[in-house]
Amino acid sequence: MPGSHITINGRFLLQAVTGVQRVAREILGELDRMAAANEIPPPRVLLPKAGKITGSLDLQKIRPERIGRWSGHAWEQLDLPRECGAEPLLCLGNTAPVSRLHRKGEPVVTMVHDLSYAYFPEAYSWQFRAVYRALLPQVARYSERVVTVSKAEMKSIARHFPALADSGRLSFFPNGGVRDAAMRTALADANRGPERRNYGLYVGSLTRRKNAEGILRAAVDFLRRYPKMRFVVIGSTGASFQSVTSDVSVDVANRLEFHGQVDDTNEIYAAYRNARFLLFPSFYESSGLPPIEAMTFGCPVVSSRIPALLERCGNAAVYCAADDQGSIAAAIDVLMRDDVSWREQSEAARSRAATFSWNAQARGLLDLCEMAR
């Protein structure tokens, strides 16, 4: 039976929930729902004894097991390979235990979301970069299967690890967006028209590679040109963003709202449902989640024209150049000045969102685990 007797490296359950951990949790949730429906036996999920599971974990069949005496990378490298057995080990968070990678007959399937430590070294500590520079070549060379989250990222990984590219072991499965059941409910609901949406929105971390400064400047420009609108920012704020908040003048400050990190998905869904557009002029993404989430609720997306977002959004977004404020403003105007264009983009967005599924990604990973046996 597909997915029978696999073990999952559950270290991500103890980590702060950013993009990588969110993807891993959604996949785990889908596997649990499949187990509850008796489609697969419940996978074994291992995690360190020490540390609190981050956020809520609503599982019906899967029962995570606490093992070992270490934590962090030490747990993954020392405790996990001793306890995980010979069945396929699925690692969803970029890294895997090296000793296990070198053991014959004990397959490892590793999800490498991106190589951002190499693309943006200044964003990480030297210790983090050193660990990843040591581990990722081992993962690429010795994992039975390496999987990533977009065709664009697969090509990038192949350029960095040519031997992996030629091995037939590298593949991709795109991330979902809104959880599948919630997506079906949202798409069945009546779509809110533009007259009921009175703010622009950004959702995501606020860092240089996400174009934090460009987002702020575009938001300020938007508020000055549309005095009846607001702009809402949801996400953790990086130092690069804080350094330019002084540019916000008094005339727009009361309409620029910073909500910080929001972990309640219903609150985020409500934000999408009532937003006129999602602004997402990122410099880099491997398979961004907010654009597809926004599209699910009929919220059109202003997206940068980068490979992963072109792949993700297709013809359902309004594109701009991330480093050109005039281009961003023109894209926003498409969704502000013409209700007919807005409605066309909104319906195209909902249709696009319906093509993404966490369940499809989870089933693809189960197939890889079977192939790795």
# chains A, B, ... in the order shown; residues from 1 in each chain; ligands from 1

$ residues_around --residues "segment 189-192 of chain A" --least-positions-apart "2" --cutoff "8 Å" --atoms "only C-alpha atoms" --output "number ranges by chain"
A: 185-187, 194, 196-197, 273-274, 297-298

$ write_last_selection --atoms "N, CA and C atoms" --output "PDB file, in the first residue's frame"
ATOM      1  N   THR A 185     -14.535  25.107   0.356  1.00  0.00           N
ATOM      2  CA  THR A 185     -15.585  25.944   0.962  1.00  0.00           C
ATOM      3  C   THR A 185     -15.505  27.372   0.440  1.00  0.00           C
ATOM      4  N   ALA A 186     -14.290  27.919   0.404  1.00  0.00           N
ATOM      5  CA  ALA A 186     -14.113  29.304  -0.039  1.00  0.00           C
ATOM      6  C   ALA A 186     -14.526  29.478  -1.492  1.00  0.00           C
ATOM      7  N   LEU A 187     -14.167  28.522  -2.334  1.00  0.00           N
ATOM      8  CA  LEU A 187     -14.499  28.636  -3.754  1.00  0.00           C
ATOM      9  C   LEU A 187     -15.994  28.451  -4.011  1.00  0.00           C
ATOM     10  N   PRO A 194     -15.434  44.300  -5.574  1.00  0.00           N
ATOM     11  CA  PRO A 194     -14.411  45.292  -5.212  1.00  0.00           C
ATOM     12  C   PRO A 194     -14.934  46.395  -4.311  1.00  0.00           C
ATOM     13  N   ARG A 196     -16.620  46.149  -1.772  1.00  0.00           N
ATOM     14  CA  ARG A 196     -16.621  45.709  -0.371  1.00  0.00           C
ATOM     15  C   ARG A 196     -15.205  45.441   0.143  1.00  0.00           C
ATOM     16  N   ARG A 197     -14.218  45.860  -0.618  1.00  0.00           N
ATOM     17  CA  ARG A 197     -12.821  45.600  -0.258  1.00  0.00           C
ATOM     18  C   ARG A 197     -12.089  46.942  -0.225  1.00  0.00           C
ATOM     19  N   ARG A 273     -10.130  37.767   2.249  1.00  0.00           N
ATOM     20  CA  ARG A 273     -11.506  37.862   1.757  1.00  0.00           C
ATOM     21  C   ARG A 273     -11.949  39.324   1.585  1.00  0.00           C
ATOM     22  N   ASN A 274     -11.350  40.209   2.362  1.00  0.00           N
ATOM     23  CA  ASN A 274     -11.784  41.606   2.350  1.00  0.00           C
ATOM     24  C   ASN A 274     -10.778  42.554   1.701  1.00  0.00           C
ATOM     25  N   PHE A 297      -9.581  33.321  -2.141  1.00  0.00           N
ATOM     26  CA  PHE A 297     -10.653  34.185  -1.638  1.00  0.00           C
ATOM     27  C   PHE A 297     -10.964  35.318  -2.617  1.00  0.00           C
ATOM     28  N   GLY A 298     -10.603  35.107  -3.886  1.00  0.00           N
ATOM     29  CA  GLY A 298     -10.924  36.091  -4.905  1.00  0.00           C
ATOM     30  C   GLY A 298     -10.143  37.373  -4.801  1.00  0.00           C
TER      31      GLY A 298
END

$ closest_atom_pairs --of "segment 245-321 of chain A" --to "segment 217-237 of chain A" --cutoff "7 Å" --atoms "only C-alpha atoms" --output "CSV"
residue,atom,partner,partner_atom,distance
A:Val248,CA,A:Val220,CA,6.7
A:Val252,CA,A:Leu223,CA,6.2
A:Arg255,CA,A:Arg230,CA,4.8
A:Leu256,CA,A:Phe231,CA,5.0
A:Glu257,CA,A:Val232,CA,4.8
A:Phe258,CA,A:Val233,CA,4.9
A:His259,CA,A:Ile234,CA,5.2
A:Gly260,CA,A:Gly235,CA,4.9
A:Gln261,CA,A:Gly235,CA,4.4
A:Val262,CA,A:Gly235,CA,6.7

$ select_by_dssp --residues "segment 43-109 of chain A" --states "alpha helix (DSSP H)" --output "ChimeraX atom specification"
/A:72-74,80-83,98-101

$ residues_around --residues "Leu14 of chain A" --least-positions-apart "6" --cutoff "12 Å" --atoms "only C-alpha atoms" --output "PyMOL selection string"
chain A and resi 21-22+24-25+46-57+64+66+71-72+93

$ write_last_selection --atoms "N, CA and C atoms" --output "PDB file, in the first residue's frame"
ATOM      1  N   GLN A  21       8.319  25.185   7.662  1.00  0.00           N
ATOM      2  CA  GLN A  21       7.552  24.456   8.681  1.00  0.00           C
ATOM      3  C   GLN A  21       6.072  24.409   8.325  1.00  0.00           C
ATOM      4  N   ARG A  22       5.562  25.460   7.723  1.00  0.00           N
ATOM      5  CA  ARG A  22       4.151  25.463   7.312  1.00  0.00           C
ATOM      6  C   ARG A  22       3.896  24.366   6.285  1.00  0.00           C
ATOM      7  N   ALA A  24       5.654  21.607   5.802  1.00  0.00           N
ATOM      8  CA  ALA A  24       5.787  20.308   6.455  1.00  0.00           C
ATOM      9  C   ALA A  24       4.549  19.965   7.269  1.00  0.00           C
ATOM     10  N   ARG A  25       3.990  20.942   7.972  1.00  0.00           N
ATOM     11  CA  ARG A  25       2.796  20.702   8.782  1.00  0.00           C
ATOM     12  C   ARG A  25       1.580  20.389   7.913  1.00  0.00           C
ATOM     13  N   LEU A  46       8.868  11.013  14.448  1.00  0.00           N
ATOM     14  CA  LEU A  46       9.814  11.086  15.553  1.00  0.00           C
ATOM     15  C   LEU A  46      10.267  12.526  15.764  1.00  0.00           C
ATOM     16  N   LEU A  47      10.392  12.929  17.034  1.00  0.00           N
ATOM     17  CA  LEU A  47      10.903  14.250  17.356  1.00  0.00           C
ATOM     18  C   LEU A  47      11.602  14.210  18.708  1.00  0.00           C
ATOM     19  N   PRO A  48      12.413  15.233  19.001  1.00  0.00           N
ATOM     20  CA  PRO A  48      13.167  15.211  20.264  1.00  0.00           C
ATOM     21  C   PRO A  48      12.268  15.194  21.497  1.00  0.00           C
ATOM     22  N   LYS A  49      12.823  14.654  22.597  1.00  0.00           N
ATOM     23  CA  LYS A  49      12.080  14.661  23.854  1.00  0.00           C
ATOM     24  C   LYS A  49      11.918  16.067  24.406  1.00  0.00           C
ATOM     25  N   ALA A  50      12.969  16.862  24.267  1.00  0.00           N
ATOM     26  CA  ALA A  50      12.934  18.223  24.815  1.00  0.00           C
ATOM     27  C   ALA A  50      12.311  19.185  23.814  1.00  0.00           C
ATOM     28  N   GLY A  51      11.610  20.176  24.339  1.00  0.00           N
ATOM     29  CA  GLY A  51      11.040  21.206  23.479  1.00  0.00           C
ATOM     30  C   GLY A  51       9.535  21.072  23.352  1.00  0.00           C
ATOM     31  N   LYS A  52       8.873  22.201  23.226  1.00  0.00           N
ATOM     32  CA  LYS A  52       7.418  22.242  23.117  1.00  0.00           C
ATOM     33  C   LYS A  52       7.004  22.299  21.652  1.00  0.00           C
ATOM     34  N   ILE A  53       5.998  21.504  21.301  1.00  0.00           N
ATOM     35  CA  ILE A  53       5.464  21.558  19.940  1.00  0.00           C
ATOM     36  C   ILE A  53       4.875  22.943  19.703  1.00  0.00           C
ATOM     37  N   THR A  54       5.260  23.561  18.587  1.00  0.00           N
ATOM     38  CA  THR A  54       4.835  24.919  18.271  1.00  0.00           C
ATOM     39  C   THR A  54       3.393  24.934  17.771  1.00  0.00           C
ATOM     40  N   GLY A  55       2.571  25.778  18.364  1.00  0.00           N
ATOM     41  CA  GLY A  55       1.197  25.919  17.908  1.00  0.00           C
ATOM     42  C   GLY A  55       0.364  24.674  18.171  1.00  0.00           C
ATOM     43  N   SER A  56      -0.806  24.641  17.592  1.00  0.00           N
ATOM     44  CA  SER A  56      -1.715  23.508  17.771  1.00  0.00           C
ATOM     45  C   SER A  56      -1.391  22.418  16.758  1.00  0.00           C
ATOM     46  N   LEU A  57      -1.647  21.182  17.140  1.00  0.00           N
ATOM     47  CA  LEU A  57      -1.385  20.044  16.274  1.00  0.00           C
ATOM     48  C   LEU A  57      -2.593  19.113  16.364  1.00  0.00           C
ATOM     49  N   PRO A  64       2.901  11.439  17.396  1.00  0.00           N
ATOM     50  CA  PRO A  64       4.343  11.698  17.404  1.00  0.00           C
ATOM     51  C   PRO A  64       5.030  11.052  18.599  1.00  0.00           C
ATOM     52  N   ARG A  66       8.415  10.899  21.072  1.00  0.00           N
ATOM     53  CA  ARG A  66       9.578  11.635  21.569  1.00  0.00           C
ATOM     54  C   ARG A  66      10.718  10.657  21.831  1.00  0.00           C
ATOM     55  N   SER A  71      18.914  17.725  21.003  1.00  0.00           N
ATOM     56  CA  SER A  71      17.921  18.574  20.344  1.00  0.00           C
ATOM     57  C   SER A  71      18.559  19.187  19.102  1.00  0.00           C
ATOM     58  N   GLY A  72      17.728  19.834  18.269  1.00  0.00           N
ATOM     59  CA  GLY A  72      18.246  20.529  17.103  1.00  0.00           C
ATOM     60  C   GLY A  72      18.958  19.622  16.118  1.00  0.00           C
ATOM     61  N   GLY A  93      12.342  19.031   5.981  1.00  0.00           N
ATOM     62  CA  GLY A  93      12.882  20.336   6.351  1.00  0.00           C
ATOM     63  C   GLY A  93      14.283  20.619   5.867  1.00  0.00           C
TER      64      GLY A  93
END

$ residues_around --residues "Gly68 of chain A" --least-positions-apart "6" --cutoff "12 Å" --atoms "only C-alpha atoms" --output "PyMOL selection string"
chain A and resi 11+46-50+74-84

$ write_last_selection --atoms "C-alpha atoms" --output "PDB file, in the first residue's frame"
ATOM      1  CA  ARG A  11      11.955  18.092  14.151  1.00  0.00           C
ATOM      2  CA  LEU A  46       9.814  11.086  15.553  1.00  0.00           C
ATOM      3  CA  LEU A  47      10.903  14.250  17.356  1.00  0.00           C
ATOM      4  CA  PRO A  48      13.167  15.211  20.264  1.00  0.00           C
ATOM      5  CA  LYS A  49      12.080  14.661  23.854  1.00  0.00           C
ATOM      6  CA  ALA A  50      12.934  18.223  24.815  1.00  0.00           C
ATOM      7  CA  ALA A  74      22.486  17.165  17.080  1.00  0.00           C
ATOM      8  CA  TRP A  75      19.240  15.214  17.580  1.00  0.00           C
ATOM      9  CA  GLU A  76      18.775  14.847  13.840  1.00  0.00           C
ATOM     10  CA  GLN A  77      22.335  13.622  13.302  1.00  0.00           C
ATOM     11  CA  LEU A  78      22.773  11.448  16.416  1.00  0.00           C
ATOM     12  CA  ASP A  79      19.427  10.309  17.862  1.00  0.00           C
ATOM     13  CA  LEU A  80      17.187  10.070  14.813  1.00  0.00           C
ATOM     14  CA  PRO A  81      19.303   7.611  12.767  1.00  0.00           C
ATOM     15  CA  ARG A  82      19.503   5.245  15.740  1.00  0.00           C
ATOM     16  CA  GLU A  83      15.731   5.111  16.191  1.00  0.00           C
ATOM     17  CA  CYS A  84      14.127   5.409  12.772  1.00  0.00           C
TER      18      CYS A  84
END

$ atom_distance --atom1 "atom CA of Pro97 of chain A" --atom2 "atom CA of His73 of chain A"
8.7 Å

$ residues_around --residues "Tyr142 of chain A" --least-positions-apart "3" --cutoff "6 Å" --atoms "only C-alpha atoms" --output "PyMOL selection string"
chain A and resi 101+138-139

$ write_last_selection --atoms "N, CA, C and O atoms" --output "PDB file, in the first residue's frame"
ATOM      1  N   LEU A 101      22.088   8.547   5.550  1.00  0.00           N
ATOM      2  CA  LEU A 101      22.263   8.715   4.114  1.00  0.00           C
ATOM      3  C   LEU A 101      23.288   7.731   3.554  1.00  0.00           C
ATOM      4  O   LEU A 101      23.197   7.304   2.402  1.00  0.00           O
ATOM      5  N   GLN A 138      25.713  16.472   0.996  1.00  0.00           N
ATOM      6  CA  GLN A 138      25.475  15.080   1.384  1.00  0.00           C
ATOM      7  C   GLN A 138      24.041  14.664   1.043  1.00  0.00           C
ATOM      8  O   GLN A 138      23.799  13.574   0.525  1.00  0.00           O
ATOM      9  N   VAL A 139      23.108  15.551   1.341  1.00  0.00           N
ATOM     10  CA  VAL A 139      21.704  15.289   1.012  1.00  0.00           C
ATOM     11  C   VAL A 139      21.535  15.083  -0.486  1.00  0.00           C
ATOM     12  O   VAL A 139      20.867  14.142  -0.942  1.00  0.00           O
TER      13      VAL A 139
END

$ closest_residue --among "A:Asp180, A:Asp58, A:Asp264, A:Glu311" --to "Ala152 of chain A" --atoms "only C-alpha atoms"
A:Glu311

$ atom_distance --atom1 "atom CA of Thr18 of chain A" --atom2 "atom CA of Ser282 of chain A"
16.0 Å

$ atom_distance --atom1 "atom CA of Ala360 of chain A" --atom2 "atom CA of Gly176 of chain A"
8.2 Å
